[in-house]
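*Asks:* This is the content of query-v2.txt (compact mmCIF, C-alpha atoms and all ligand atoms):
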# COMPACT_ATOMS: atom_id res chain seq x y z
CA MET A 851 115.65 111.34 121.22
CA ALA A 852 116.08 114.11 118.63
CA PHE A 853 114.93 113.74 115.02
CA ALA A 854 117.59 112.41 112.64
CA ALA A 855 117.85 112.60 108.86
CA GLY A 856 116.17 109.61 107.21
CA GLU A 857 113.44 109.14 109.77
CA PRO A 858 109.76 109.98 109.35
CA CYS A 859 108.25 113.08 110.95
CA LEU A 860 104.62 114.07 111.33
CA LEU A 861 103.88 117.80 111.17
CA MET A 862 100.54 118.93 112.61
CA ASP A 863 99.09 122.42 112.03
CA GLY A 864 96.76 124.43 114.27
CA LYS A 865 93.70 122.82 112.67
CA GLY A 866 94.92 119.29 113.37
CA ARG A 867 95.90 118.62 109.73
CA LYS A 868 98.75 116.12 109.56
CA TYR A 869 101.58 115.89 107.04
CA LEU A 870 104.01 112.98 106.89
CA LEU A 871 107.55 113.58 105.65
CA ALA A 872 110.81 111.69 105.43
CA LEU A 873 113.48 114.00 106.88
CA GLU A 874 116.26 114.78 104.44
CA ALA A 875 119.05 117.36 104.80
CA GLY A 876 118.59 120.27 102.39
CA GLN A 877 114.90 119.50 101.68
CA GLU A 878 111.92 121.74 102.48
CA PHE A 879 108.37 121.02 103.57
CA GLN A 880 106.02 123.25 101.57
CA TYR A 881 102.31 123.70 102.13
CA HIS A 882 99.64 126.36 101.66
CA ARG A 883 100.79 128.18 104.83
CA GLY A 884 104.49 128.49 103.94
CA VAL A 885 107.74 126.55 104.02
CA LEU A 886 109.71 124.75 106.75
CA PRO A 887 113.26 123.49 106.00
CA HIS A 888 113.89 119.90 107.14
CA ASP A 889 117.24 121.09 108.55
CA ARG A 890 115.37 122.97 111.27
CA ILE A 891 113.61 119.78 112.36
CA ILE A 892 116.67 117.49 112.18
CA GLY A 893 118.33 117.66 115.60
CA ALA A 894 115.21 119.04 117.34
CA ASN A 895 113.23 117.02 119.85
CA PRO A 896 109.79 115.63 118.94
CA GLY A 897 107.13 118.00 120.26
CA THR A 898 109.00 121.14 119.12
CA VAL A 899 106.77 123.87 117.65
CA PHE A 900 108.08 125.65 114.54
CA ASP A 901 106.97 128.76 112.65
CA SER A 902 106.59 128.30 108.90
CA SER A 903 107.95 131.04 106.57
CA LEU A 904 104.45 132.62 106.75
CA GLY A 905 104.32 132.48 110.55
CA SER A 906 101.99 129.46 110.93
CA LYS A 907 102.65 127.06 113.78
CA LEU A 908 103.60 123.45 113.07
CA VAL A 909 104.35 120.91 115.75
CA ALA A 910 106.78 118.13 114.79
CA LEU A 911 105.84 114.72 116.17
CA ARG A 912 107.39 111.30 115.81
CA PRO A 913 104.62 109.41 113.96
CA ARG A 914 102.94 106.55 115.75
CA LEU A 915 102.91 103.41 113.61
CA ALA A 916 99.16 104.01 113.10
CA ASP A 917 99.85 107.57 111.84
CA TYR A 918 102.48 106.27 109.46
CA ILE A 919 100.23 103.53 108.06
CA VAL A 920 97.30 105.83 107.25
CA LYS A 921 99.55 108.55 105.80
CA MET A 922 102.20 106.54 103.94
CA GLY A 923 101.87 106.71 100.16
CA ARG A 924 100.75 103.19 99.50
CA GLY A 925 100.32 100.84 96.57
CA ALA A 926 97.92 98.06 97.61
CA THR A 927 94.97 98.93 99.88
CA VAL A 928 96.32 99.05 103.38
CA MET A 929 94.62 97.52 106.41
CA TYR A 930 93.43 100.22 108.79
CA PRO A 931 95.02 100.27 112.25
CA LYS A 932 91.66 99.51 113.95
CA ASP A 933 91.46 96.20 112.05
CA ALA A 934 95.16 95.38 112.44
CA ALA A 935 94.88 95.94 116.20
CA ALA A 936 91.86 93.63 116.38
CA ILE A 937 93.78 90.93 114.51
CA VAL A 938 96.66 91.23 117.00
CA SER A 939 94.30 90.70 119.93
CA ARG A 940 91.94 88.11 118.40
CA ALA A 941 94.72 86.01 116.88
CA ASP A 942 96.77 86.55 120.05
CA ILE A 943 99.90 87.68 118.24
CA ALA A 944 102.42 87.66 121.07
CA PRO A 945 106.17 88.21 121.52
CA ALA A 946 108.29 85.38 120.09
CA ALA A 947 105.49 83.98 117.90
CA THR A 948 106.08 82.88 114.31
CA VAL A 949 103.48 84.44 112.01
CA LEU A 950 102.93 83.65 108.35
CA GLU A 951 101.21 86.58 106.68
CA ALA A 952 99.85 87.36 103.18
CA GLY A 953 99.60 89.38 101.10
CA THR A 954 102.24 91.83 102.13
CA GLY A 955 100.39 94.47 100.07
CA SER A 956 101.72 97.82 101.30
CA GLY A 957 103.26 96.27 104.40
CA GLY A 958 100.86 97.97 106.82
CA LEU A 959 99.84 94.83 108.70
CA THR A 960 103.38 93.43 108.37
CA MET A 961 104.70 96.35 110.45
CA VAL A 962 102.05 95.84 113.13
CA LEU A 963 102.82 92.11 113.30
CA ALA A 964 106.57 92.81 113.42
CA ARG A 965 106.08 94.97 116.49
CA ALA A 966 103.74 92.50 118.15
CA VAL A 967 106.06 89.48 117.84
CA GLY A 968 109.17 91.52 118.66
CA PRO A 969 112.77 90.61 117.79
CA GLN A 970 112.45 87.15 119.38
CA GLY A 971 109.61 86.34 116.98
CA ARG A 972 109.38 85.93 113.22
CA VAL A 973 107.09 87.34 110.54
CA VAL A 974 107.19 85.71 107.11
CA SER A 975 105.13 87.81 104.73
CA CYS A 976 104.27 86.52 101.23
CA GLU A 977 103.29 88.63 98.24
CA ARG A 978 102.50 87.38 94.75
CA ARG A 979 102.93 90.77 93.02
CA ASP A 980 106.47 92.07 92.58
CA ASP A 981 105.37 95.74 92.39
CA HIS A 982 103.50 95.48 95.70
CA ALA A 983 106.41 93.66 97.34
CA ALA A 984 108.88 96.35 96.23
CA ARG A 985 106.67 99.17 97.51
CA ALA A 986 106.11 97.38 100.82
CA ARG A 987 109.87 97.02 101.27
CA GLU A 988 110.29 100.79 100.75
CA LEU A 989 107.48 101.65 103.15
CA ILE A 990 108.68 99.27 105.88
CA THR A 991 112.19 100.72 105.51
CA GLY A 992 110.73 104.23 105.73
CA PHE A 993 109.37 103.48 109.20
CA PHE A 994 111.93 101.14 110.77
CA GLY A 995 115.02 102.40 108.91
CA SER A 996 115.46 98.93 107.33
CA VAL A 997 113.44 95.73 107.08
CA PRO A 998 113.80 94.32 110.63
CA ASP A 999 115.89 91.15 110.91
CA HIS A 1000 112.91 89.16 112.17
CA VAL A 1001 110.78 90.07 109.11
CA GLU A 1002 111.17 88.08 105.91
CA LEU A 1003 109.48 89.28 102.72
CA ARG A 1004 108.91 86.38 100.37
CA ALA A 1005 107.74 86.40 96.76
CA GLY A 1006 104.97 83.97 95.85
CA ASP A 1007 101.70 82.49 97.01
CA VAL A 1008 101.14 81.98 100.71
CA GLU A 1009 99.56 78.56 100.19
CA ASP A 1010 102.98 77.26 99.07
CA GLU A 1011 104.81 78.51 102.17
CA ILE A 1012 102.73 77.18 105.05
CA ALA A 1013 104.43 73.77 105.26
CA ALA A 1014 107.95 75.22 105.22
CA VAL A 1015 107.26 77.90 107.85
CA ALA A 1016 105.10 75.78 110.21
CA PRO A 1017 103.83 78.97 111.89
CA ASP A 1018 102.02 79.58 115.16
CA ARG A 1019 99.63 81.92 113.35
CA VAL A 1020 98.42 82.32 109.79
CA VAL A 1021 97.14 85.85 109.10
CA LEU A 1022 95.65 86.57 105.69
CA ASP A 1023 94.50 89.69 103.88
CA VAL A 1024 93.97 87.98 100.50
CA PRO A 1025 90.76 87.57 98.48
CA GLU A 1026 90.60 83.75 98.74
CA PRO A 1027 91.87 82.71 102.18
CA TRP A 1028 89.89 79.44 102.07
CA HIS A 1029 92.69 77.91 99.96
CA SER A 1030 94.91 78.13 103.05
CA VAL A 1031 92.50 76.55 105.53
CA GLU A 1032 93.62 72.92 105.02
CA PRO A 1033 97.35 73.66 104.59
CA ALA A 1034 97.20 75.71 107.83
CA ALA A 1035 95.41 72.85 109.61
CA ALA A 1036 98.11 70.44 108.44
CA HIS A 1037 101.16 72.58 109.19
CA MET A 1038 100.44 75.14 111.92
CA GLN A 1039 101.87 74.48 115.36
CA PRO A 1040 99.51 72.96 117.95
CA ASP A 1041 97.31 75.71 119.42
CA GLY A 1042 97.63 77.59 116.12
CA ILE A 1043 95.24 80.35 115.09
CA PHE A 1044 94.02 81.13 111.58
CA ALA A 1045 92.86 84.73 111.02
CA CYS A 1046 91.69 86.47 107.89
CA TYR A 1047 90.36 89.85 106.86
CA LEU A 1048 87.73 90.09 104.13
CA PRO A 1049 85.68 92.98 102.76
CA THR A 1050 82.49 91.16 101.69
CA VAL A 1051 79.87 88.86 103.16
CA PRO A 1052 80.12 86.10 100.48
CA GLN A 1053 83.85 85.83 101.18
CA VAL A 1054 83.18 85.52 104.92
CA GLU A 1055 80.58 82.81 104.25
CA GLU A 1056 83.03 80.87 102.15
CA VAL A 1057 85.91 80.98 104.61
CA ALA A 1058 83.65 80.12 107.57
CA ARG A 1059 82.29 77.16 105.58
CA ALA A 1060 85.83 75.97 104.84
CA LEU A 1061 86.88 76.30 108.50
CA ARG A 1062 83.85 74.29 109.67
CA ALA A 1063 84.19 71.66 106.93
CA SER A 1064 87.79 71.04 107.91
CA LYS A 1065 86.68 69.94 111.42
CA ARG A 1066 90.09 71.13 112.66
CA TYR A 1067 89.02 74.54 113.93
CA VAL A 1068 86.92 75.63 116.89
CA ASP A 1069 85.88 78.97 118.34
CA ILE A 1070 85.24 80.29 114.84
CA GLU A 1071 84.21 83.93 115.12
CA THR A 1072 83.64 86.86 112.78
CA VAL A 1073 83.69 90.48 113.94
CA GLU A 1074 83.51 93.90 112.37
CA ILE A 1075 85.29 96.74 114.14
CA ILE A 1076 83.40 100.02 114.18
CA VAL A 1077 85.17 103.07 115.58
CA ARG A 1078 83.14 106.19 116.26
CA PRO A 1079 85.22 109.32 116.77
CA TRP A 1080 83.87 112.07 119.05
CA VAL A 1081 84.27 115.84 119.01
CA VAL A 1082 85.13 117.17 122.47
CA GLU A 1083 85.43 120.98 122.27
CA GLY A 1084 84.16 123.15 125.11
CA ARG A 1085 80.46 122.35 125.52
CA SER A 1086 80.26 120.67 122.14
CA VAL A 1087 80.69 117.03 123.08
CA ARG A 1088 79.14 114.77 120.48
CA PRO A 1089 79.93 112.08 117.89
CA ALA A 1090 81.78 113.45 114.85
CA HIS A 1091 79.66 114.00 111.75
CA ARG A 1092 81.83 111.66 109.73
CA MET A 1093 83.19 108.24 110.58
CA GLN A 1094 85.05 105.59 108.66
CA GLY A 1095 82.57 103.55 106.65
CA HIS A 1096 82.91 99.84 106.04
CA THR A 1097 86.39 98.33 105.89
CA GLY A 1098 86.22 94.57 106.42
CA PHE A 1099 85.36 91.56 108.59
CA ILE A 1100 87.82 89.60 110.69
CA THR A 1101 87.31 85.85 110.94
CA VAL A 1102 89.34 83.74 113.34
CA GLY A 1103 89.46 79.99 114.07
CA ARG A 1104 91.55 78.00 116.56
CA LEU A 1105 93.25 74.77 115.56
CA VAL A 1106 92.50 71.53 117.40
CA ALA A 1107 94.24 68.16 117.28
CA ARG A 1108 93.25 65.72 114.58
C1 LIG B 1201 94.70 94.14 100.32
S1 LIG B 1201 96.35 93.78 99.97
C2 LIG B 1201 97.07 93.49 101.56
C3 LIG B 1201 97.31 94.78 102.32
C4 LIG B 1201 98.13 94.59 103.57
N1 LIG B 1201 97.42 93.80 104.57
C5 LIG B 1201 98.52 95.94 104.18
O1 LIG B 1201 98.08 96.26 105.31
O2 LIG B 1201 99.26 96.69 103.54
C6 LIG B 1201 96.22 92.13 99.32
C7 LIG B 1201 97.54 91.64 98.72
O3 LIG B 1201 97.51 90.22 98.66
C8 LIG B 1201 98.21 89.79 97.52
N2 LIG B 1201 97.76 88.40 97.31
C9 LIG B 1201 96.55 87.96 96.90
N3 LIG B 1201 96.48 86.61 96.95
C10 LIG B 1201 97.70 86.18 97.42
C11 LIG B 1201 98.25 84.90 97.72
N4 LIG B 1201 97.52 83.79 97.56
N5 LIG B 1201 99.50 84.81 98.20
C12 LIG B 1201 100.25 85.94 98.36
N6 LIG B 1201 99.78 87.19 98.10
C13 LIG B 1201 98.52 87.31 97.65
C14 LIG B 1201 97.81 90.83 96.47
O4 LIG B 1201 98.75 90.88 95.42
C15 LIG B 1201 97.78 92.12 97.29
O5 LIG B 1201 99.02 92.79 97.25
Any chance you could give the structure as C-alpha cells?
*Replies:*
Amino acid sequence: MAFAAGEPCLLMDGKGRKYLLALEAGQEFQYHRGVLPHDRIIGANPGTVFDSSLGSKLVALRPRLADYIVKMGRGATVMYPKDAAAIVSRADIAPAATVLEAGTGSGGLTMVLARAVGPQGRVVSCERRDDHAARARELITGFFGSVPDHVELRAGDVEDEIAAVAPDRVVLDVPEPWHSVEPAAAHMQPDGIFACYLPTVPQVEEVARALRASKRYVDIETVEIIVRPWVVEGRSVRPAHRMQGHTGFITVGRLVAR
C-alpha cells in the first residue's frame, strides 16, 4: 500500500543512515545531502528510491515498529526492542490477553504489547506523570494513526489499578515493581505472569526476594538479553566493533494457586 500523508516513513541513505519522518503535504525532508519534498513520497510505494536535490539516493521504507521505537523522539527512556521482544516471549503475551502495564513512559513497550495481544486483547497502561502520558499518546498516535481501541492509557499508579483490571499479565518498567507483587498475586487471573524490567542488580534482588516471599510465584527467572551485531561485507565477516551496552534485566514469575 502506498504511503499516505500522516503516516511515518523511514528514509535510508547509501550508508545505511536512517531518518524517521511523519509525512505531511507541503513539508520537506532536509539533510546534509540535500532536500526531498514529502509530496514526492506521499502516493509512492514503500521501497521506492528517490534522488535528493543534490542527487543522493534515499530509499523510503515503512518503518518496522522496532525502527519507530528507536528513532521516535521520546520523553521517558524507552525500552529497547530486544528487551520488549523478550518480555513478549517470556511473559507469553498472546492474542486476546489482558495486560496491565506501567509506566507508559514513551509508549514503546505499550505499542509492542498492543500488537502482541491484538484487537481481541486489552492493554491497560498506567503512567503517573502527565507529561510522559501526553508524549506517549502522541508517539502511539504517530505510529498507529490513533490510540488503538484495545489500548487504554490511564493516569496514576499501577498498584491502584491491578484489582480493577484483573489482568492475565502484569508487565512493569517502573523503579519499584516489588510494590505490585502482592496486588498482582491477589488479582491476576489464574495462570497469570508477572514480568518486570530493571536496570540494576539491587532492584533485581529486591523484586526476586518479594516474589519468593509471597509464596505465590514459581519459575522465577531473571535474564539479560545481549545482542551482538555482525558486519557481513565481502570477506569481512566479523562482530561489529560497537554493540549496545547494558540496558536492563527481565525478571518473570508465574502465579500459582493459594
Ligand atoms: C522507564 S519509563 C517506561 C518506558 C516504557 N517502558 C517505554 O518503553 O517507553 C518508566 C515510567 O514509569 C513511570 N512510573 C514510575 N512508577 C510508576 C508507578 N508506580 N505507576 C505508574 N507509572 C510509574 C515513570 O513516570 C516513567 O514514565
*Asks:* Just want the 7 Å neighbourhood of range 1048-1058 of chain A, counted on only C-alpha atoms, with same-chain residues fewer than 6 positions away dropped. Output as a PDB file with C-alpha atoms, in the coordinates of the input.
*Replies:*
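Output saved as out.pdb:
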ATOM      1  CA  ASP A1023      94.500  89.690 103.880  1.00  0.00           C
ATOM      2  CA  PRO A1025      90.760  87.570  98.480  1.00  0.00           C
ATOM      3  CA  PRO A1027      91.870  82.710 102.180  1.00  0.00           C
ATOM      4  CA  TRP A1028      89.890  79.440 102.070  1.00  0.00           C
ATOM      5  CA  THR A1097      86.390  98.330 105.890  1.00  0.00           C
ATOM      6  CA  GLY A1098      86.220  94.570 106.420  1.00  0.00           C
ATOM      7  CA  PHE A1099      85.360  91.560 108.590  1.00  0.00           C
ATOM      8  CA  ILE A1100      87.820  89.600 110.690  1.00  0.00           C
TER       9      ILE A1100
END
*Asks:* Between A:Asp933, A:Glu988, A:Glu1002, A:Asp1018, which has the minimum distance to Thr948 in chain A (counting all atoms listed in the file)?
*Replies:* A:Asp1018
*Asks:* With only C-alpha atoms as the basis for distance, which of A:Ala984, A:Val1020, A:Val909, A:Ala916 is at the shortest distance from Tyr869 in chain A?
*Replies:*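 For Tyr869 in chain A, the nearest of the candidates is A:Val909.
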*Asks:* Can you list, as an MDAnalysis selection string, every protein, DNA or RNA residue that comes within 8 Å of Val1008 in chain A when you count only C-alpha atoms, leaving out same-chain residues fewer than 6 positions away?
*Replies:* chainID A and resid 951:953 976:977 1030
*Asks:* Atoms to include: C-alpha atoms. Write the selected residues as a PDB file, keeping the file's coordinate frame.
*Replies:*
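out.pdb, written as the output of this step:
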ATOM      1  CA  GLU A 951     101.210  86.580 106.680  1.00  0.00           C
ATOM      2  CA  ALA A 952      99.850  87.360 103.180  1.00  0.00           C
ATOM      3  CA  GLY A 953      99.600  89.380 101.100  1.00  0.00           C
ATOM      4  CA  CYS A 976     104.270  86.520 101.230  1.00  0.00           C
ATOM      5  CA  GLU A 977     103.290  88.630  98.240  1.00  0.00           C
ATOM      6  CA  SER A1030      94.910  78.130 103.050  1.00  0.00           C
TER       7      SER A1030
END
*Asks:* Select, from A:Glu1071, A:Gln1094, A:Val1106, A:Arg1078, the residue with the minimum atom-to-atom distance to Ala1035 in chain A, counting only C-alpha atoms.
*Replies:*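 Going through A:Glu1071, A:Gln1094, A:Val1106, A:Arg1078 one by one, the smallest distance to Ala1035 in chain A is for A:Val1106.
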*Asks:* To check your reading of the model: which residues sit at most 9 Å from ligand LIG 1201 (chain B) when counting only C-alpha atoms and all ligand atoms? Write the answer as a ChimeraX atom specification.
*Replies:* /A:919,924-931,934,951-962,975-983,986,1004-1010,1022-1027,1029-1030,1047-1048
